[in-house]
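Participant: So here's run.txt, just compact mmCIF, C-alpha atoms:
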# COMPACT_ATOMS: atom_id res chain seq x y z
CA MET A 1 0.00 0.00 0.00
CA SER A 2 1.10 3.55 -0.63
CA THR A 3 2.13 5.79 2.26
CA GLN A 4 -0.83 7.69 3.71
CA ARG A 5 -0.25 10.96 5.56
CA THR A 6 -3.15 13.37 5.82
CA THR A 7 -5.64 12.09 8.39
CA THR A 8 -8.99 13.60 9.36
CA PRO A 9 -11.84 12.23 11.50
CA TRP A 10 -13.50 11.07 8.29
CA LEU A 11 -10.29 9.54 6.88
CA PRO A 12 -8.48 8.14 9.93
CA PHE A 13 -5.99 6.13 7.86
CA GLY A 14 -5.11 9.01 5.57
CA ALA A 15 -5.79 10.28 2.07
CA ALA A 16 -3.17 8.17 0.22
CA GLU A 17 -1.32 11.12 -1.28
CA GLN A 18 1.33 8.92 -2.92
CA ALA A 19 -1.09 6.61 -4.74
CA ASP A 20 -2.01 6.96 -8.41
CA VAL A 21 -5.71 6.83 -7.51
CA ARG A 22 -7.50 6.80 -4.16
CA LEU A 23 -10.43 4.52 -3.25
CA LEU A 24 -12.77 5.95 -0.61
CA CYS A 25 -14.73 3.11 1.03
CA LEU A 26 -17.92 3.70 3.04
CA PRO A 27 -18.86 0.91 5.48
CA HIS A 28 -22.05 -1.04 6.07
CA SER A 29 -24.35 -0.55 9.08
CA GLY A 30 -22.63 -0.94 12.43
CA ALA A 31 -19.16 -1.06 10.88
CA GLY A 32 -16.34 1.46 10.82
CA ALA A 33 -13.30 2.24 8.74
CA SER A 34 -11.44 -0.84 9.97
CA ALA A 35 -13.92 -3.08 8.10
CA TYR A 36 -11.95 -2.34 4.93
CA ARG A 37 -8.40 -2.50 6.29
CA ALA A 38 -7.75 -6.23 5.90
CA TRP A 39 -10.05 -6.41 2.85
CA GLY A 40 -7.97 -3.80 1.03
CA ASP A 41 -4.66 -5.64 1.43
CA GLY A 42 -5.22 -7.35 -1.91
CA LEU A 43 -5.52 -4.14 -3.93
CA PRO A 44 -2.57 -3.24 -6.17
CA ASP A 45 -0.11 -0.72 -4.72
CA TRP A 46 -1.14 2.04 -7.12
CA ILE A 47 -4.63 2.15 -5.57
CA GLY A 48 -4.61 3.94 -2.21
CA LEU A 49 -7.22 2.57 0.19
CA CYS A 50 -9.04 5.32 2.12
CA PRO A 51 -11.62 3.82 4.51
CA VAL A 52 -14.22 6.35 5.65
CA GLN A 53 -15.10 6.68 9.35
CA PRO A 54 -18.64 7.97 10.03
CA PRO A 55 -19.38 9.36 13.52
CA GLY A 56 -20.30 7.02 16.36
CA ARG A 57 -17.79 4.20 15.91
CA GLU A 58 -14.15 3.28 16.49
CA THR A 59 -12.05 6.49 16.52
CA ARG A 60 -15.27 8.56 16.59
CA ARG A 61 -17.22 6.50 19.11
CA GLN A 62 -17.79 9.51 21.40
CA GLU A 63 -19.70 11.30 18.64
CA THR A 64 -23.42 10.90 17.99
CA PRO A 65 -24.06 8.68 14.96
CA LEU A 66 -25.92 10.34 12.10
CA SER A 67 -29.31 8.89 11.18
CA GLU A 68 -29.85 10.83 7.94
CA VAL A 69 -27.81 10.67 4.79
CA GLY A 70 -27.97 14.41 4.05
CA PRO A 71 -25.92 15.69 7.02
CA LEU A 72 -23.51 12.76 6.64
CA VAL A 73 -22.61 13.43 3.02
CA SER A 74 -22.60 17.21 3.43
CA ALA A 75 -19.87 16.98 6.06
CA LEU A 76 -17.97 14.23 4.26
CA ALA A 77 -18.05 16.04 0.91
CA GLU A 78 -16.41 19.12 2.43
CA ASP A 79 -13.66 16.90 3.85
CA VAL A 80 -13.13 15.07 0.56
CA ALA A 81 -12.97 18.33 -1.37
CA ALA A 82 -10.41 19.73 1.09
CA VAL A 83 -7.97 16.83 1.49
CA VAL A 84 -8.35 14.33 -1.38
CA GLU A 85 -6.14 15.34 -4.28
CA GLY A 86 -5.85 13.78 -7.69
CA PRO A 87 -7.93 10.95 -9.15
CA TYR A 88 -10.17 9.10 -6.72
CA ALA A 89 -13.09 6.68 -6.72
CA VAL A 90 -15.86 5.96 -4.23
CA MET A 91 -17.13 2.58 -3.02
CA GLY A 92 -19.96 1.74 -0.63
CA HIS A 93 -21.43 -1.47 0.73
CA SER A 94 -25.01 -1.73 1.99
CA THR A 95 -25.84 1.49 3.88
CA GLY A 96 -22.46 2.72 2.65
CA ALA A 97 -23.65 2.34 -0.95
CA ILE A 98 -26.48 4.83 -0.62
CA SER A 99 -24.13 7.17 1.27
CA ALA A 100 -21.52 6.80 -1.50
CA PHE A 101 -24.12 7.64 -4.14
CA GLU A 102 -25.34 10.72 -2.29
CA LEU A 103 -21.73 11.74 -1.64
CA CYS A 104 -21.15 11.80 -5.40
CA ARG A 105 -24.24 13.96 -5.86
CA GLN A 106 -23.21 16.31 -3.05
CA LEU A 107 -19.71 16.68 -4.52
CA ARG A 108 -21.36 17.66 -7.80
CA ARG A 109 -23.54 20.23 -6.02
CA ILE A 110 -20.57 21.96 -4.40
CA GLY A 111 -18.52 21.95 -7.60
CA ALA A 112 -15.83 19.54 -6.37
CA PRO A 113 -14.00 17.27 -8.83
CA ASP A 114 -16.04 14.18 -9.72
CA PRO A 115 -14.76 10.76 -8.69
CA ALA A 116 -13.52 8.58 -11.51
CA HIS A 117 -15.89 5.73 -10.64
CA LEU A 118 -18.64 4.65 -8.21
CA PHE A 119 -18.67 1.05 -6.92
CA VAL A 120 -21.74 -0.20 -5.04
CA ALA A 121 -22.72 -3.48 -3.39
CA GLY A 122 -25.37 -4.85 -1.05
CA ARG A 123 -27.93 -2.08 -1.55
CA ARG A 124 -30.90 -1.57 -3.85
CA ALA A 125 -30.64 1.25 -6.37
CA PRO A 126 -31.67 4.54 -4.75
CA GLN A 127 -34.94 4.80 -6.71
CA VAL A 128 -36.01 1.35 -5.43
CA ALA A 129 -37.67 1.63 -2.01
CA GLU A 130 -35.91 -0.13 0.90
CA ARG A 131 -37.70 -2.41 3.36
CA SER A 132 -37.80 -1.43 7.03
CA SER A 133 -36.29 -3.72 9.65
CA GLY A 134 -37.93 -1.84 12.55
CA LEU A 135 -34.72 -1.98 14.59
CA ALA A 136 -35.76 0.77 16.96
CA ASP A 137 -38.60 -1.39 18.31
CA LEU A 138 -36.63 -4.62 18.71
CA THR A 139 -35.58 -6.26 21.95
CA THR A 140 -31.96 -7.34 22.36
CA GLU A 141 -32.90 -10.91 21.47
CA GLN A 142 -34.81 -9.81 18.37
CA LEU A 143 -31.87 -7.62 17.34
CA ALA A 144 -29.58 -10.65 17.51
CA ASP A 145 -31.98 -12.55 15.25
CA VAL A 146 -32.04 -9.73 12.67
CA LEU A 147 -28.24 -9.48 12.64
CA ARG A 148 -27.94 -13.25 12.35
CA GLN A 149 -30.21 -13.17 9.28
CA HIS A 150 -28.11 -10.42 7.68
CA GLY A 151 -24.89 -12.30 8.38
CA GLY A 152 -21.47 -10.79 8.95
CA THR A 153 -21.76 -10.30 12.73
CA PRO A 154 -19.46 -12.50 14.87
CA ASP A 155 -21.16 -15.04 17.14
CA TRP A 156 -19.47 -13.59 20.21
CA VAL A 157 -21.30 -10.30 19.56
CA LEU A 158 -24.63 -12.02 18.89
CA ASN A 159 -24.30 -13.95 22.16
CA ASP A 160 -23.34 -10.94 24.28
CA PRO A 161 -26.46 -9.00 25.46
CA GLY A 162 -24.29 -6.17 26.80
CA MET A 163 -22.55 -5.72 23.48
CA LEU A 164 -25.87 -5.81 21.62
CA ARG A 165 -27.33 -3.15 23.91
CA MET A 166 -24.28 -0.97 23.25
CA LEU A 167 -24.54 -1.46 19.47
CA HIS A 168 -28.31 -0.95 19.31
CA PRO A 169 -28.29 2.89 19.06
CA LEU A 170 -25.54 2.85 16.43
CA LEU A 171 -27.31 0.19 14.37
CA CYS A 172 -30.63 2.05 14.61
CA ALA A 173 -28.97 5.22 13.32
CA ASP A 174 -27.12 3.41 10.55
CA PHE A 175 -30.13 1.45 9.35
CA ALA A 176 -32.16 4.69 9.40
CA VAL A 177 -29.67 6.23 6.96
CA SER A 178 -30.68 3.57 4.43
CA GLU A 179 -34.27 2.72 5.41
CA ALA A 180 -35.51 6.28 5.99
CA TYR A 181 -33.81 7.47 2.81
CA ARG A 182 -36.13 9.07 0.29
CA TYR A 183 -34.81 9.35 -3.21
CA THR A 184 -35.03 12.79 -4.82
CA PRO A 185 -34.68 12.67 -8.62
CA GLU A 186 -31.70 14.55 -10.08
CA PRO A 187 -29.84 14.16 -13.36
CA PRO A 188 -27.89 10.87 -13.48
CA LEU A 189 -24.23 10.95 -12.53
CA SER A 190 -21.74 11.44 -15.32
CA ILE A 191 -19.37 8.81 -13.95
CA PRO A 192 -19.25 5.04 -14.54
CA ILE A 193 -20.96 2.81 -11.98
CA THR A 194 -20.03 -0.78 -11.19
CA ALA A 195 -22.43 -2.82 -9.06
CA PHE A 196 -21.66 -6.09 -7.27
CA ALA A 197 -24.78 -8.24 -6.78
CA ALA A 198 -24.85 -11.19 -4.37
CA THR A 199 -26.90 -14.14 -5.58
CA ASP A 200 -28.32 -14.96 -2.13
CA ASP A 201 -29.11 -11.53 -0.67
CA PRO A 202 -32.91 -11.13 -0.42
CA ARG A 203 -32.68 -7.47 0.61
CA ALA A 204 -30.51 -6.56 -2.39
CA THR A 205 -31.19 -8.95 -5.23
CA VAL A 206 -29.50 -9.05 -8.62
CA ALA A 207 -32.48 -7.16 -10.06
CA HIS A 208 -32.22 -4.53 -7.32
CA LEU A 209 -28.54 -3.99 -8.14
CA ALA A 210 -29.16 -3.96 -11.90
CA ALA A 211 -31.45 -0.95 -11.37
CA TRP A 212 -28.39 1.18 -10.55
CA HIS A 213 -27.91 1.57 -14.32
CA GLU A 214 -30.48 4.38 -14.25
CA GLN A 215 -28.14 6.51 -12.15
CA THR A 216 -25.38 7.07 -14.71
CA THR A 217 -25.01 8.44 -18.21
CA GLU A 218 -21.71 6.59 -18.51
CA GLN A 219 -20.87 2.88 -18.53
CA PHE A 220 -22.71 0.62 -16.11
CA THR A 221 -21.38 -2.83 -15.24
CA LEU A 222 -23.02 -5.50 -13.10
CA HIS A 223 -21.03 -8.35 -11.56
CA TRP A 224 -22.61 -11.36 -9.86
CA LEU A 225 -21.01 -12.78 -6.73
CA GLN A 226 -22.03 -16.14 -5.33
CA GLY A 227 -23.06 -15.70 -1.71
CA ASP A 228 -24.91 -13.55 0.79
CA HIS A 229 -24.99 -9.88 1.77
CA PHE A 230 -21.25 -9.86 2.51
CA ALA A 231 -20.14 -11.50 -0.75
CA ILE A 232 -17.75 -8.63 -1.59
CA PHE A 233 -15.69 -9.70 1.41
CA THR A 234 -15.94 -13.41 0.64
CA HIS A 235 -14.84 -12.79 -2.95
CA ALA A 236 -12.39 -9.98 -2.19
CA ALA A 237 -9.81 -11.06 -4.78
CA ARG A 238 -12.35 -10.99 -7.61
CA VAL A 239 -13.71 -7.62 -6.47
CA HIS A 240 -10.17 -6.22 -6.31
CA GLY A 241 -9.55 -7.34 -9.88
CA VAL A 242 -12.73 -5.66 -11.14
CA ILE A 243 -11.86 -2.42 -9.30
CA ALA A 244 -8.30 -2.40 -10.63
CA GLU A 245 -9.44 -2.96 -14.21
CA ALA A 246 -12.05 -0.19 -13.90
CA LEU A 247 -9.58 2.32 -12.44
CA ARG A 248 -6.60 1.54 -14.64
CA GLY A 249 -5.61 4.73 -16.40
CA SER A 250 -7.76 6.99 -14.20
Re-express the file's structure as structure tokens.

Facilitator:
Amino acid sequence: MSTQRTTTPWLPFGAAEQADVRLLCLPHSGAGASAYRAWGDGLPDWIGLCPVQPPGRETRRQETPLSEVGPLVSALAEDVAAVVEGPYAVMGHSTGAISAFELCRQLRRIGAPDPAHLFVAGRRAPQVAERSSGLADLTTEQLADVLRQHGGTPDWVLNDPGMLRMLHPLLCADFAVSEAYRYTPEPPLSIPITAFAATDDPRATVAHLAAWHEQTTEQFTLHWLQGDHFAIFTHAARVHGVIAEALRGS
């Protein structure tokens, strides 16, 4: 990986100044920037991994998590415009996908340089309504069941009521970012979009991911991954290859 120097609360691992192109990665519900650290080890050296850290977790755990996408992307876009130099791309998984999309639109609104590419996974296209999980009304036991169905949460967390109670407010806020999101039509983005669709994810089916094509005037590519909601982590090497091919020459 390239040396990373400039750090901010939003980019705790730096802005990858020495890389040829930077890849900003927005995490799924309940996760923080560290979710992408090990995952990104397989990227080629010329791509600088820049995991994004929303408030309320890890290095920002003392801050109140944001439950709406608007304030989140407004603050993040200002940070990106200020510290990210040169070519960059944006990637988001699950809740992070809708945040990544709205980040691209917010960057356009403030006149910042467009990213070279948008990568999305694990989330329906923004114009396709999301289902509600009703997390705010769940007991600790019911929360564990919901997380178990989604996959990706370690058993030691699911079996620890204290940990679940601690995570509940963060998860409620994060799920609200996606589930309370209301799509407002704007012109499609003028950047390519690549979507990764998991074959066994009922909340974000292949058809749901294919609908992202409506959000770009440029090339749209859909890749199928065998597996569940977290297939981009299971098939990290394949995803890395797709990203590298898409960003080559950016």

Participant: May I have the residues within 7 Å of Val206 in chain A as a list in words, using all atoms listed in the file and disregarding those fewer than 5 positions away in the same chain?

Facilitator: Ala197, Ala198 and Thr199 of chain A

Participant: Select, from A:Asn159, A:Ser74, A:Ser67, A:Gln142, the residue with the minimum atom-to-atom distance to Ser178 in chain A, counting only C-alpha atoms.

Facilitator: A:Ser67

Participant: Looking at all atoms listed in the file, which of A:Gln62, A:Leu222, A:Tyr181, A:Thr140 is the one that sits closest to Pro161 in chain A?

Facilitator: A:Thr140

Participant: Looking at all atoms listed in the file, which of A:Arg22, A:Arg182, A:His229, A:Arg61 is the one that sits closest to Arg123 in chain A?

Facilitator: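 Ranked by minimum distance to Arg123 in chain A, first place goes to A:His229.
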
Participant: May I have the residues at most 12 Å from (-18.4, 17.2, 3.7) in the file's coordinates, counting only C-alpha atoms, as a compact mmCIF listing (two decimals) with C-alpha atoms, keeping the file's coordinate frame?

Facilitator:
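Once everything was written out, this is out_23.txt:
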# COMPACT_ATOMS: atom_id res chain seq x y z
CA THR A 8 -8.99 13.60 9.36
CA PRO A 9 -11.84 12.23 11.50
CA TRP A 10 -13.50 11.07 8.29
CA LEU A 11 -10.29 9.54 6.88
CA VAL A 52 -14.22 6.35 5.65
CA PRO A 54 -18.64 7.97 10.03
CA VAL A 69 -27.81 10.67 4.79
CA GLY A 70 -27.97 14.41 4.05
CA PRO A 71 -25.92 15.69 7.02
CA LEU A 72 -23.51 12.76 6.64
CA VAL A 73 -22.61 13.43 3.02
CA SER A 74 -22.60 17.21 3.43
CA ALA A 75 -19.87 16.98 6.06
CA LEU A 76 -17.97 14.23 4.26
CA ALA A 77 -18.05 16.04 0.91
CA GLU A 78 -16.41 19.12 2.43
CA ASP A 79 -13.66 16.90 3.85
CA VAL A 80 -13.13 15.07 0.56
CA ALA A 81 -12.97 18.33 -1.37
CA ALA A 82 -10.41 19.73 1.09
CA VAL A 83 -7.97 16.83 1.49
CA VAL A 84 -8.35 14.33 -1.38
CA SER A 99 -24.13 7.17 1.27
CA GLU A 102 -25.34 10.72 -2.29
CA LEU A 103 -21.73 11.74 -1.64
CA CYS A 104 -21.15 11.80 -5.40
CA ARG A 105 -24.24 13.96 -5.86
CA GLN A 106 -23.21 16.31 -3.05
CA LEU A 107 -19.71 16.68 -4.52
CA ARG A 108 -21.36 17.66 -7.80
CA ARG A 109 -23.54 20.23 -6.02
CA ILE A 110 -20.57 21.96 -4.40
CA ALA A 112 -15.83 19.54 -6.37

Participant: Around the point (-5.6, 6.6, 1.9), in the coordinates given by the file, pick out the residues reaching within 10 Å, counting all atoms listed in the file, and return them as an MDAnalysis selection string.

Facilitator: chainID A and resid 1:7 11:19 21:25 47:52 84

Participant: Just want the 7 Å neighbourhood of Leu189 in chain A, counted on all atoms listed in the file, with same-chain residues fewer than 2 positions away dropped. Output as a list in words.

Facilitator: Pro187, Ile191, Gln215, Thr216 and Thr217 of chain A

Participant: Point out the residue among A:Asp145, A:Asp20, A:Asp45, A:Asp174 with the least atom-to-atom distance to Glu85 in chain A, counting all atoms listed in the file.

Facilitator: A:Asp20

Participant: Restricting the calculation to all atoms listed in the file, which member of A:Thr194, A:Gln53, A:Thr139, A:Gln226 is positioned closest to Ala89 in chain A?

Facilitator: A:Thr194

Participant: Write out, as a tab-separated table, each residue of range 106-175 of chain A that has an atom at most 8 Å from range 26-31 of chain A, together with the closest pair of atoms and their distance in Å to one decimal, counting all atoms listed in the file, rows going by chain and rising number.

Facilitator:
residue	atom	partner	partner_atom	distance
A:Leu167	CA	A:Gly30	CA	7.3
A:Leu170	CA	A:Gly30	CA	6.2
A:Leu171	CA	A:Gly30	CA	5.2
A:Asp174	CA	A:Ser29	CA	5.1
A:Phe175	CA	A:Ser29	CA	6.1

Participant: So how many Å separate CA of Tyr183 in chain A and CA of Gln127 in chain A, to one decimal?

Facilitator: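 Here the two named atoms are 5.7 Å from each other.
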
Participant: For a quick check of understanding, using only C-alpha atoms, which of A:Phe196, A:Phe220, A:Phe233, A:Trp156 has the smallest distance to Ala97 in chain A?

Facilitator: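 The shortest atom-to-atom distance to Ala97 in chain A comes from A:Phe196.
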
Participant: For the atom pair CA of Thr153 in chain A and CA of Arg165 in chain A, what is the interatomic distance in Å to one decimal place?

Facilitator: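 One can read the CA of Thr153 in chain A to CA of Arg165 in chain A distance as 14.4 Å.
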
Participant: For Leu225 in chain A, list every protein, DNA or RNA residue within 12 Å, evaluated using all atoms listed in the file, and leave out those in the same chain fewer than 5 positions away; present the list as a PyMOL selection string.

Facilitator: chain A and resi 121-122+195-201+205-206+209+230-239+242

Participant: Mind giving me the straight-line distance from CA of Pro55 in chain A to CA of Leu147 in chain A in Å, one decimal?

Facilitator: 20.8 Å
